[in-house]
$ cat upload.txt   # compact mmCIF, C-alpha atoms
# COMPACT_ATOMS: atom_id res chain seq x y z
CA MET A 30 -22.33 -21.86 12.82
CA GLU A 31 -19.67 -22.70 10.25
CA PRO A 32 -16.70 -20.30 10.40
CA LEU A 33 -16.25 -17.90 7.53
CA CYS A 34 -12.60 -18.79 6.89
CA LEU A 35 -11.19 -22.30 7.24
CA GLU A 36 -7.64 -21.44 6.16
CA SER A 37 -4.91 -21.64 8.76
CA GLY A 38 -2.25 -19.07 9.45
CA LEU A 39 -2.30 -15.29 9.38
CA TRP A 40 -1.84 -14.88 5.63
CA GLY A 41 -4.36 -17.61 4.83
CA THR A 42 -7.00 -16.00 7.03
CA ALA A 43 -6.22 -12.54 5.64
CA SER A 44 -6.47 -13.83 2.07
CA CYS A 45 -9.79 -15.54 2.79
CA LEU A 46 -11.17 -12.43 4.48
CA ALA A 47 -10.08 -10.25 1.55
CA ARG A 48 -11.77 -12.57 -0.96
CA ALA A 49 -14.97 -12.71 1.09
CA THR A 50 -15.01 -8.92 1.47
CA ALA A 51 -14.44 -8.37 -2.24
CA ALA A 52 -17.18 -10.84 -3.16
CA LEU A 53 -19.60 -9.22 -0.72
CA ALA A 54 -18.79 -5.73 -2.03
CA VAL A 55 -19.36 -6.82 -5.64
CA ASP A 56 -22.64 -8.54 -4.78
CA VAL A 57 -23.90 -5.57 -2.75
CA ALA A 58 -22.98 -3.14 -5.53
CA SER A 59 -24.68 -5.21 -8.22
CA PHE A 60 -27.78 -5.75 -6.08
CA ALA A 61 -28.01 -2.05 -5.24
CA TRP A 62 -27.61 -1.15 -8.91
CA ILE A 63 -30.35 -3.55 -10.01
CA GLN A 64 -32.78 -2.88 -7.19
CA GLY A 65 -32.19 0.86 -6.96
CA TRP A 66 -32.33 0.96 -3.19
CA SER A 67 -34.40 3.78 -1.74
CA CYS A 68 -34.98 4.10 1.98
CA SER A 69 -36.90 7.36 1.84
CA GLY A 70 -40.28 5.69 2.33
CA ALA A 71 -38.98 3.49 5.11
CA ALA A 72 -37.35 6.45 6.81
CA GLN A 73 -40.61 8.40 6.64
CA SER A 74 -42.50 5.50 8.21
CA PHE A 75 -39.82 5.25 10.88
CA SER A 76 -40.26 8.94 11.73
CA THR A 77 -44.04 8.52 11.90
CA THR A 78 -43.72 5.59 14.28
CA LEU A 79 -41.27 7.46 16.48
CA PHE A 80 -43.41 10.59 16.74
CA SER A 81 -46.48 8.50 17.51
CA GLN A 82 -44.90 7.85 20.92
CA TRP A 83 -44.42 11.58 21.53
CA THR A 84 -47.26 11.94 24.05
CA VAL A 85 -45.82 9.17 26.21
CA TRP A 86 -42.42 10.86 26.24
CA VAL A 87 -43.93 14.25 27.08
CA GLN A 88 -45.88 12.78 29.98
CA LEU A 89 -42.77 11.11 31.35
CA VAL A 90 -40.70 14.29 31.11
CA ARG A 91 -43.42 16.44 32.71
CA GLU A 92 -44.41 14.16 35.58
CA GLY A 93 -41.26 12.13 36.11
CA PRO A 94 -39.13 14.69 38.00
CA GLN A 95 -42.02 15.42 40.37
CA ARG A 96 -42.68 11.80 41.34
CA LEU A 97 -39.23 10.20 41.01
CA SER A 98 -35.75 10.78 42.35
CA GLY A 99 -32.97 11.70 39.95
CA ALA A 100 -31.60 8.18 39.54
CA ASP A 101 -35.08 6.66 39.23
CA PHE A 102 -36.07 9.26 36.66
CA VAL A 103 -33.02 8.43 34.51
CA TRP A 104 -33.73 4.72 34.85
CA GLN A 105 -37.40 5.10 33.97
CA THR A 106 -36.47 7.25 30.97
CA LEU A 107 -34.06 4.62 29.66
CA ARG A 108 -36.58 1.88 30.35
CA ALA A 109 -39.30 3.77 28.49
CA TRP A 110 -36.96 4.29 25.56
CA TRP A 111 -36.25 0.56 25.46
CA VAL A 112 -39.88 -0.51 25.82
CA LEU A 113 -41.28 2.01 23.37
CA GLY A 114 -38.39 1.75 20.95
CA CYS A 115 -36.26 -1.36 20.78
CA SER A 116 -38.97 -3.80 21.86
CA HIS A 117 -41.04 -2.70 18.85
CA CYS A 118 -38.18 -2.34 16.38
CA ALA A 119 -39.13 -5.56 14.63
CA THR A 120 -42.48 -4.03 13.70
CA TRP A 121 -41.11 -0.67 12.55
CA PRO A 122 -41.41 -0.10 8.80
CA LEU A 123 -37.71 0.72 8.52
CA PHE A 124 -36.66 -2.62 9.97
CA ARG A 125 -39.27 -4.47 7.92
CA ALA A 126 -37.90 -2.79 4.80
CA LEU A 127 -34.33 -3.72 5.73
CA GLU A 128 -35.35 -7.30 6.42
CA SER A 129 -37.10 -7.55 3.06
CA GLN A 130 -34.01 -6.17 1.33
CA ARG A 131 -31.79 -8.64 3.21
CA ALA A 132 -34.03 -11.54 2.19
CA ALA A 133 -34.06 -10.38 -1.43
CA PHE A 134 -30.28 -10.00 -1.41
CA VAL A 135 -29.77 -13.50 0.01
CA ALA A 136 -32.20 -14.92 -2.56
CA ALA A 137 -30.29 -13.21 -5.37
CA HIS A 138 -26.89 -14.22 -3.96
CA PRO A 139 -27.25 -17.55 -2.10
CA ALA A 140 -23.50 -17.68 -1.45
CA GLN A 141 -23.94 -14.83 1.05
CA ALA A 142 -26.72 -16.57 3.02
CA ARG A 143 -24.47 -17.86 5.80
CA LEU A 144 -22.86 -14.44 6.11
CA LEU A 145 -26.19 -12.56 6.46
CA PRO A 146 -28.58 -14.74 8.49
CA ASP A 147 -30.33 -11.78 10.17
CA LEU A 148 -30.45 -7.99 10.47
CA LEU A 149 -27.66 -7.88 13.04
CA ALA A 150 -25.33 -9.67 10.64
CA LEU A 151 -26.42 -7.26 7.90
CA GLY A 152 -25.51 -4.27 10.07
CA VAL A 153 -22.12 -5.75 10.96
CA ALA A 154 -21.39 -6.55 7.30
CA LEU A 155 -22.30 -3.04 6.16
CA CYS A 156 -20.14 -1.48 8.89
CA TRP A 157 -17.28 -3.74 7.83
CA LEU A 158 -17.62 -2.66 4.19
CA VAL A 159 -17.65 1.01 5.20
CA LEU A 160 -14.50 0.47 7.27
CA VAL A 161 -12.75 -1.37 4.44
CA PHE A 162 -13.55 1.31 1.86
CA LEU A 163 -12.47 4.01 4.31
CA LEU A 164 -9.11 2.28 4.78
CA ILE A 165 -8.74 1.83 1.01
CA GLY A 166 -9.48 5.53 0.47
CA LEU A 167 -6.91 6.59 3.07
CA SER A 168 -4.33 4.24 1.55
CA LEU A 169 -4.94 5.59 -1.95
CA ARG A 170 -4.65 9.14 -0.65
CA ARG A 171 -1.33 8.31 0.99
CA LEU A 172 -0.12 6.61 -2.20
CA ARG A 173 -1.14 9.65 -4.24
CA ARG A 174 0.87 11.88 -1.94
CA ARG A 175 3.93 9.67 -2.34
CA LEU A 176 3.63 9.50 -6.14
CA TRP A 177 2.39 12.96 -7.08
CA HIS A 178 3.85 14.96 -4.18
CA ARG A 179 7.34 13.55 -4.33
CA PRO A 180 9.90 16.10 -3.17
CA GLU A 181 12.70 17.43 -5.31
CA VAL A 182 16.13 18.22 -3.90
CA LEU A 183 18.47 20.62 -5.71
CA PHE A 184 22.12 20.85 -4.71
CA PHE A 185 24.53 23.66 -5.40
CA PRO A 186 27.00 24.74 -6.71
CA ASP A 187 25.49 24.24 -10.14
CA LYS A 188 27.59 25.88 -12.81
CA THR A 189 25.21 24.69 -15.56
CA GLY A 190 22.44 26.96 -14.29
CA ALA A 191 19.90 24.12 -14.54
CA HIS A 192 18.73 24.49 -10.94
CA VAL A 193 18.15 28.24 -11.23
CA THR A 194 16.25 27.53 -14.44
CA ARG A 195 14.16 25.00 -12.53
CA ILE A 196 13.27 27.61 -9.89
CA CYS A 197 12.32 30.05 -12.63
CA SER A 198 10.12 27.45 -14.33
CA LEU A 199 8.30 26.77 -11.06
CA MET A 200 7.61 30.49 -10.69
CA ALA A 201 6.58 30.74 -14.35
CA THR A 202 3.98 27.97 -13.93
CA SER A 203 2.50 29.43 -10.73
CA LYS A 204 -1.11 30.54 -11.10
CA ARG A 205 -1.92 32.35 -7.86
CA ARG A 206 1.01 33.49 -5.76
CA VAL A 207 4.75 33.84 -5.33
CA TRP A 208 5.63 34.67 -1.72
CA LEU A 209 9.33 35.01 -1.00
CA ALA A 210 11.07 35.26 2.38
CA MET A 211 14.77 35.58 1.59
CA PHE A 212 17.81 36.68 3.54
CA THR A 213 19.73 37.92 0.49
CA LEU A 214 18.31 38.64 -2.97
CA THR A 215 20.87 39.68 -5.60
CA ASN A 216 20.35 37.15 -8.41
CA ASP A 217 19.03 39.11 -11.38
CA THR A 218 17.70 36.01 -13.14
CA LEU A 219 15.45 35.10 -10.22
CA SER A 220 14.45 38.72 -9.60
CA ASP A 221 13.45 39.07 -13.26
CA GLU A 222 11.16 36.06 -12.88
CA LEU A 223 9.61 37.67 -9.80
CA LEU A 224 8.90 40.79 -11.84
CA ARG A 225 7.33 38.73 -14.63
CA ALA A 226 5.06 37.01 -12.10
CA HIS A 227 4.06 40.42 -10.75
CA ARG A 228 3.26 41.67 -14.26
CA ARG A 229 1.11 38.57 -14.86
CA GLY A 230 -1.07 39.67 -11.96
CA LEU A 231 0.02 37.06 -9.43
CA ASP A 232 0.03 37.79 -5.71
CA VAL A 233 3.75 38.53 -5.33
CA ARG A 234 5.07 39.47 -1.89
CA VAL A 235 8.68 39.72 -0.75
CA ILE A 236 10.15 39.76 2.76
CA LEU A 237 13.85 40.63 3.03
CA ASP A 238 16.41 41.28 5.73
CA ASP A 239 16.82 45.04 6.07
CA GLU A 240 20.63 44.99 6.25
CA GLN A 241 20.96 42.68 3.25
CA CYS A 242 18.90 45.14 1.21
CA GLN A 243 22.06 47.26 1.27
CA ALA A 244 24.26 44.46 -0.05
CA LEU A 245 26.17 44.90 -3.29
CA GLY A 246 23.78 44.30 -6.18
CA ALA A 247 20.67 43.97 -3.97
CA ASP A 248 17.44 43.84 -5.99
CA ALA A 249 15.10 45.23 -3.32
CA GLN A 250 14.86 48.73 -4.76
CA ARG A 251 14.30 47.41 -8.27
CA LEU A 252 11.34 45.35 -7.04
CA LEU A 253 9.91 48.31 -5.12
CA ASP A 254 10.22 50.57 -8.16
CA ALA A 255 8.22 48.01 -10.16
CA GLY A 256 5.44 48.06 -7.55
CA VAL A 257 6.14 44.68 -5.96
CA PRO A 258 4.90 44.62 -2.32
CA LEU A 259 8.03 44.31 -0.19
CA VAL A 260 8.73 44.61 3.53
CA THR A 261 11.83 44.22 5.68
CA ASP A 262 12.19 43.01 9.24
CA GLY A 263 13.42 46.33 10.68
CA HIS A 264 15.07 44.50 13.57
CA TRP A 265 18.60 44.12 14.90
CA ALA A 266 18.27 40.34 14.52
CA ARG A 267 18.45 38.65 11.13
CA MET A 268 15.48 37.71 8.97
CA HIS A 269 17.34 34.55 8.02
CA HIS A 270 14.58 32.58 6.30
CA LYS A 271 15.19 31.27 2.79
CA PHE A 272 11.90 29.95 1.46
CA ALA A 273 9.35 30.68 -1.24
CA LEU A 274 5.68 29.72 -1.47
CA LEU A 275 4.49 29.06 -5.02
CA ASP A 276 0.81 28.15 -5.05
CA GLY A 277 0.69 24.79 -3.23
CA LEU A 278 4.41 24.11 -2.89
CA VAL A 279 7.29 25.50 -0.89
CA LEU A 280 10.96 25.94 -1.77
CA ASN A 281 13.10 25.74 1.34
CA GLY A 282 16.74 25.18 2.16
CA SER A 283 20.05 26.94 2.71
CA PHE A 284 20.02 28.51 -0.76
CA ASN A 285 20.11 32.33 -0.87
CA TRP A 286 18.96 33.84 -4.15
CA THR A 287 22.42 35.08 -5.07
CA LYS A 288 24.84 34.35 -7.88
CA GLN A 289 27.48 33.13 -5.46
CA ALA A 290 25.07 30.68 -3.84
CA SER A 291 24.13 29.21 -7.20
CA VAL A 292 27.58 28.71 -8.75
CA ALA A 293 30.07 28.70 -5.87
CA ASN A 294 28.55 27.79 -2.50
CA TRP A 295 27.57 24.35 -1.23
CA GLU A 296 23.83 24.78 -0.78
CA ASN A 297 20.60 22.80 -0.89
CA LEU A 298 17.02 23.56 -1.89
CA CYS A 299 14.02 21.27 -1.34
CA VAL A 300 10.82 21.49 -3.40
CA LEU A 301 8.02 20.20 -1.16
CA ARG A 302 4.38 19.72 -2.16
CA ASP A 303 2.90 18.07 0.92
CA SER A 304 0.19 20.32 2.34
CA ALA A 305 1.17 19.27 5.87
CA VAL A 306 4.53 20.94 5.20
CA VAL A 307 3.33 23.86 3.08
CA GLN A 308 0.70 25.12 5.53
CA PRO A 309 3.11 25.90 8.41
CA PHE A 310 5.27 27.92 5.99
CA ASP A 311 2.12 29.72 4.84
CA ARG A 312 1.24 30.63 8.42
CA GLU A 313 4.78 31.78 9.19
CA PHE A 314 4.91 33.99 6.11
CA ARG A 315 1.56 35.60 6.95
CA ARG A 316 2.66 36.21 10.52
CA MET A 317 5.91 37.89 9.44
CA TRP A 318 4.19 39.85 6.69
CA TRP A 319 1.69 41.52 9.01
CA GLU A 320 4.28 42.07 11.73
CA PHE A 321 6.88 43.65 9.44
CA GLN A 322 4.28 45.58 7.47
CA ALA A 323 3.12 47.23 10.68
CA LYS A 324 6.72 48.29 11.35
CA SER A 325 7.36 49.65 7.89
CA LYS A 326 4.11 51.29 6.80
CA GLY A 327 4.49 52.99 3.49
CA SER A 328 7.73 51.19 2.72
CA ARG A 329 6.55 50.57 -0.84
CA ASN A 330 6.93 54.26 -1.53
CA GLN A 331 10.24 54.60 0.26
CA GLN A 332 13.69 54.04 -1.09
CA VAL A 333 15.47 51.04 0.38
CA VAL A 334 18.88 51.60 -1.14
CA SER A 335 20.19 52.34 -4.59
CA ARG A 336 21.92 49.47 -6.34
CA LYS A 337 25.64 49.96 -6.27
CA ARG A 338 25.99 48.34 -9.69
CA ASP A 339 23.68 47.24 -12.46
CA ALA A 340 24.77 43.63 -12.74
CA THR A 341 24.76 40.99 -10.07
CA PRO A 342 28.29 40.78 -8.69
CA PRO A 343 30.18 37.61 -9.57
CA PRO A 344 31.20 35.27 -6.75
CA LYS A 345 34.35 36.31 -5.00
CA ALA A 346 37.40 34.42 -6.16
CA ARG A 347 39.09 32.31 -3.54
CA SER A 348 42.51 33.51 -2.51
CA GLN A 349 45.33 31.20 -3.42
CA ASN A 350 47.56 30.14 -0.57
$ encode --input "upload.txt" --output "structure tokens"
Amino acid sequence: MEPLCLESGLWGTASCLARATAALAVDVASFAWIQGWSCSGAAQSFSTTLFSQWTVWVQLVREGPQRLSGADFVWQTLRAWWVLGCSHCATWPLFRALESQRAAFVAAHPAQARLLPDLLALGVALCWLVLVFLLIGLSLRRLRRRLWHRPEVLFFPDKTGAHVTRICSLMATSKRRVWLAMFTLTNDTLSDELLRAHRRGLDVRVILDDEQCQALGADAQRLLDAGVPLVTDGHWARMHHKFALLDGLVLNGSFNWTKQASVANWENLCVLRDSAVVQPFDREFRRMWWEFQAKSKGSRNQQVVSRKRDATPPPKARSQN
């Protein structure tokens, strides 16, 4: 049999195989479109033929274990399957239908004749096409992730306020949820956006460190007074997370939601949209939420701490040496 590709070298063979696959896919698609393949009748005939052998199978199953040893029974079962099944496959309506379709396809596309000389070659070719399209689909999905799910990285200090505005815009465009796990929350601009999301009817939840709720300018009590669901860790250790879940993305980094972090500290914040990254944060937030909620039942109706001042405190000035 003449080989499919006569080119030499890896790239030559790969190029030839790609061209042959593309040509086969186009021919199969056009033939299927014109013929309007339907295997329902063939499948029904196949089922009828299979069930016609039912009495033979029942007799073997009933009498076999009584007359044969275990190994012989298995062997006779396999042998009966082969004799009753595969030896007659050429006469089954399903295979006859496939053979007629193969012959019609080769007649319509003579260039594919050497590629599809029989039913076995047809099966191999169809499996190859399925594999190729599966690989193409996975590649396109990966490309889509790289293009549409590209991460953003925000660095601080940012005296222009553009990065805080970006965080607010992400919250403003959220449609379902804003879940925040934050060590320190004193930035009024970000807290105001949380309140707006809550008033829009989004699922807003906040987890804070209990000691940092007593920090100067902390916004915890203001959120509670507005009815925002909020829990604290209630533990001697720190709830030191700094992430937010906004629909299908997560904001994560070293950035605390404070004025000092935004305009004075060296911080980072990553905006990640990959579901493989978002889902673990989702699970961690849910775990903490139920754990801390069990510790602080009724905390929504309790006072956390009164704000010591109305405005967010400015960053502390560095002492001059």
$ closest_residue --input "upload.txt" --among "A:Ala191, A:Met211, A:Gly246, A:Gly256" --to "Gly230 in chain A" --atoms "only C-alpha atoms"
A:Gly256
$ atom_distance --input "upload.txt" --atom1 "CA of Asn285 in chain A" --atom2 "CA of Asn216 in chain A"
9.0 Å
$ atom_distance --input "upload.txt" --atom1 "CA of Arg170 in chain A" --atom2 "CA of Pro309 in chain A"
20.6 Å
$ residues_around --input "upload.txt" --residues "range 231-235 of chain A" --least-positions-apart "6" --cutoff "7 Å" --atoms "only C-alpha atoms" --output "number ranges by chain"
A: 204-210, 257-260
$ residues_around --input "upload.txt" --residues "Val193 in chain A" --least-positions-apart "2" --cutoff "10 Å" --atoms "only C-alpha atoms" --output "list in words"
Leu183, Phe185, Asp187, Lys188, Thr189, Gly190, Ala191, Arg195, Ile196, Cys197, Ser198, Leu199, Asn216, Thr218, Leu219, Trp286, Lys288, Ser291 and Val292 of chain A
$ closest_residue --input "upload.txt" --among "A:Arg267, A:Leu275, A:Glu240, A:Thr215" --to "Thr202 in chain A" --atoms "only C-alpha atoms"
A:Leu275
$ closest_residue --input "upload.txt" --among "A:Glu222, A:Asp56, A:Asp303, A:Asp311" --to "Arg171 in chain A" --atoms "only C-alpha atoms"
A:Asp303
$ atom_distance --input "upload.txt" --atom1 "CA of Ala305 in chain A" --atom2 "CA of Ala290 in chain A"
28.2 Å
$ decode --input "upload.txt" --residues "range 118-155 of chain A" --atoms "N, CA and C atoms" --output "short mmCIF file (atom, residue, chain, number, x, y, z; two decimals), in the first residue's frame"
data_model
loop_
_atom_site.label_atom_id
_atom_site.label_comp_id
_atom_site.auth_asym_id
_atom_site.auth_seq_id
_atom_site.Cartn_x
_atom_site.Cartn_y
_atom_site.Cartn_z
N CYS A 118 -20.68 -9.94 11.91
CA CYS A 118 -20.80 -8.49 11.85
C CYS A 118 -20.93 -7.99 10.42
N ALA A 119 -20.35 -8.74 9.47
CA ALA A 119 -20.42 -8.29 8.09
C ALA A 119 -21.85 -8.33 7.56
N THR A 120 -22.69 -9.15 8.17
CA THR A 120 -24.08 -9.25 7.71
C THR A 120 -25.03 -8.38 8.52
N TRP A 121 -24.54 -7.74 9.58
CA TRP A 121 -25.42 -6.90 10.39
C TRP A 121 -25.82 -5.66 9.61
N PRO A 122 -27.05 -5.22 9.75
CA PRO A 122 -27.51 -4.03 9.01
C PRO A 122 -26.66 -2.79 9.30
N LEU A 123 -26.19 -2.65 10.53
CA LEU A 123 -25.39 -1.47 10.86
C LEU A 123 -24.12 -1.44 10.04
N PHE A 124 -23.44 -2.58 9.95
CA PHE A 124 -22.19 -2.61 9.19
C PHE A 124 -22.45 -2.48 7.70
N ARG A 125 -23.56 -3.07 7.24
CA ARG A 125 -23.90 -2.90 5.82
C ARG A 125 -24.17 -1.43 5.51
N ALA A 126 -24.85 -0.74 6.44
CA ALA A 126 -25.12 0.68 6.22
C ALA A 126 -23.83 1.48 6.21
N LEU A 127 -22.92 1.16 7.14
CA LEU A 127 -21.64 1.88 7.17
C LEU A 127 -20.84 1.63 5.91
N GLU A 128 -20.85 0.39 5.44
CA GLU A 128 -20.12 0.07 4.22
C GLU A 128 -20.69 0.80 3.01
N SER A 129 -22.02 0.89 2.95
CA SER A 129 -22.63 1.62 1.83
C SER A 129 -22.29 3.11 1.90
N GLN A 130 -22.24 3.65 3.11
CA GLN A 130 -21.87 5.05 3.26
C GLN A 130 -20.40 5.26 2.89
N ARG A 131 -19.54 4.32 3.27
CA ARG A 131 -18.12 4.43 2.91
C ARG A 131 -17.95 4.41 1.39
N ALA A 132 -18.66 3.46 0.75
CA ALA A 132 -18.56 3.36 -0.71
C ALA A 132 -19.08 4.63 -1.38
N ALA A 133 -20.18 5.17 -0.87
CA ALA A 133 -20.72 6.40 -1.45
C ALA A 133 -19.77 7.57 -1.24
N PHE A 134 -19.13 7.62 -0.07
CA PHE A 134 -18.18 8.70 0.21
C PHE A 134 -16.98 8.61 -0.72
N VAL A 135 -16.45 7.40 -0.91
CA VAL A 135 -15.30 7.22 -1.79
C VAL A 135 -15.67 7.56 -3.23
N ALA A 136 -16.90 7.20 -3.64
CA ALA A 136 -17.33 7.53 -5.00
C ALA A 136 -17.46 9.04 -5.18
N ALA A 137 -17.91 9.73 -4.13
CA ALA A 137 -18.05 11.19 -4.23
C ALA A 137 -16.72 11.90 -4.11
N HIS A 138 -15.76 11.29 -3.40
CA HIS A 138 -14.45 11.90 -3.19
C HIS A 138 -13.37 10.86 -3.50
N PRO A 139 -13.06 10.65 -4.78
CA PRO A 139 -12.10 9.60 -5.16
C PRO A 139 -10.72 9.80 -4.54
N ALA A 140 -10.37 11.04 -4.20
CA ALA A 140 -9.05 11.29 -3.63
C ALA A 140 -8.87 10.60 -2.28
N GLN A 141 -9.98 10.24 -1.63
CA GLN A 141 -9.91 9.60 -0.31
C GLN A 141 -9.98 8.07 -0.41
N ALA A 142 -9.97 7.54 -1.64
CA ALA A 142 -10.15 6.09 -1.80
C ALA A 142 -9.02 5.31 -1.15
N ARG A 143 -7.78 5.75 -1.34
CA ARG A 143 -6.66 4.99 -0.77
C ARG A 143 -6.59 5.13 0.74
N LEU A 144 -7.26 6.17 1.28
CA LEU A 144 -7.26 6.34 2.73
C LEU A 144 -8.34 5.50 3.40
N LEU A 145 -9.42 5.18 2.65
CA LEU A 145 -10.56 4.45 3.23
C LEU A 145 -10.88 3.22 2.39
N PRO A 146 -9.98 2.23 2.37
CA PRO A 146 -10.25 1.04 1.55
C PRO A 146 -11.29 0.11 2.15
N ASP A 147 -11.51 0.16 3.48
CA ASP A 147 -12.46 -0.75 4.11
C ASP A 147 -13.02 -0.11 5.37
N LEU A 148 -13.87 -0.88 6.08
CA LEU A 148 -14.52 -0.35 7.28
C LEU A 148 -13.53 -0.09 8.40
N LEU A 149 -12.50 -0.92 8.51
CA LEU A 149 -11.50 -0.69 9.55
C LEU A 149 -10.81 0.65 9.35
N ALA A 150 -10.44 0.94 8.11
CA ALA A 150 -9.81 2.23 7.82
C ALA A 150 -10.77 3.38 8.10
N LEU A 151 -12.06 3.16 7.82
CA LEU A 151 -13.06 4.18 8.12
C LEU A 151 -13.12 4.46 9.62
N GLY A 152 -13.13 3.40 10.42
CA GLY A 152 -13.16 3.59 11.87
C GLY A 152 -11.94 4.31 12.38
N VAL A 153 -10.76 3.94 11.86
CA VAL A 153 -9.52 4.61 12.28
C VAL A 153 -9.55 6.08 11.89
N ALA A 154 -10.02 6.37 10.67
CA ALA A 154 -10.06 7.76 10.21
C ALA A 154 -11.01 8.60 11.05
N LEU A 155 -12.18 8.04 11.38
CA LEU A 155 -13.13 8.78 12.20
C LEU A 155 -12.58 9.03 13.61
#
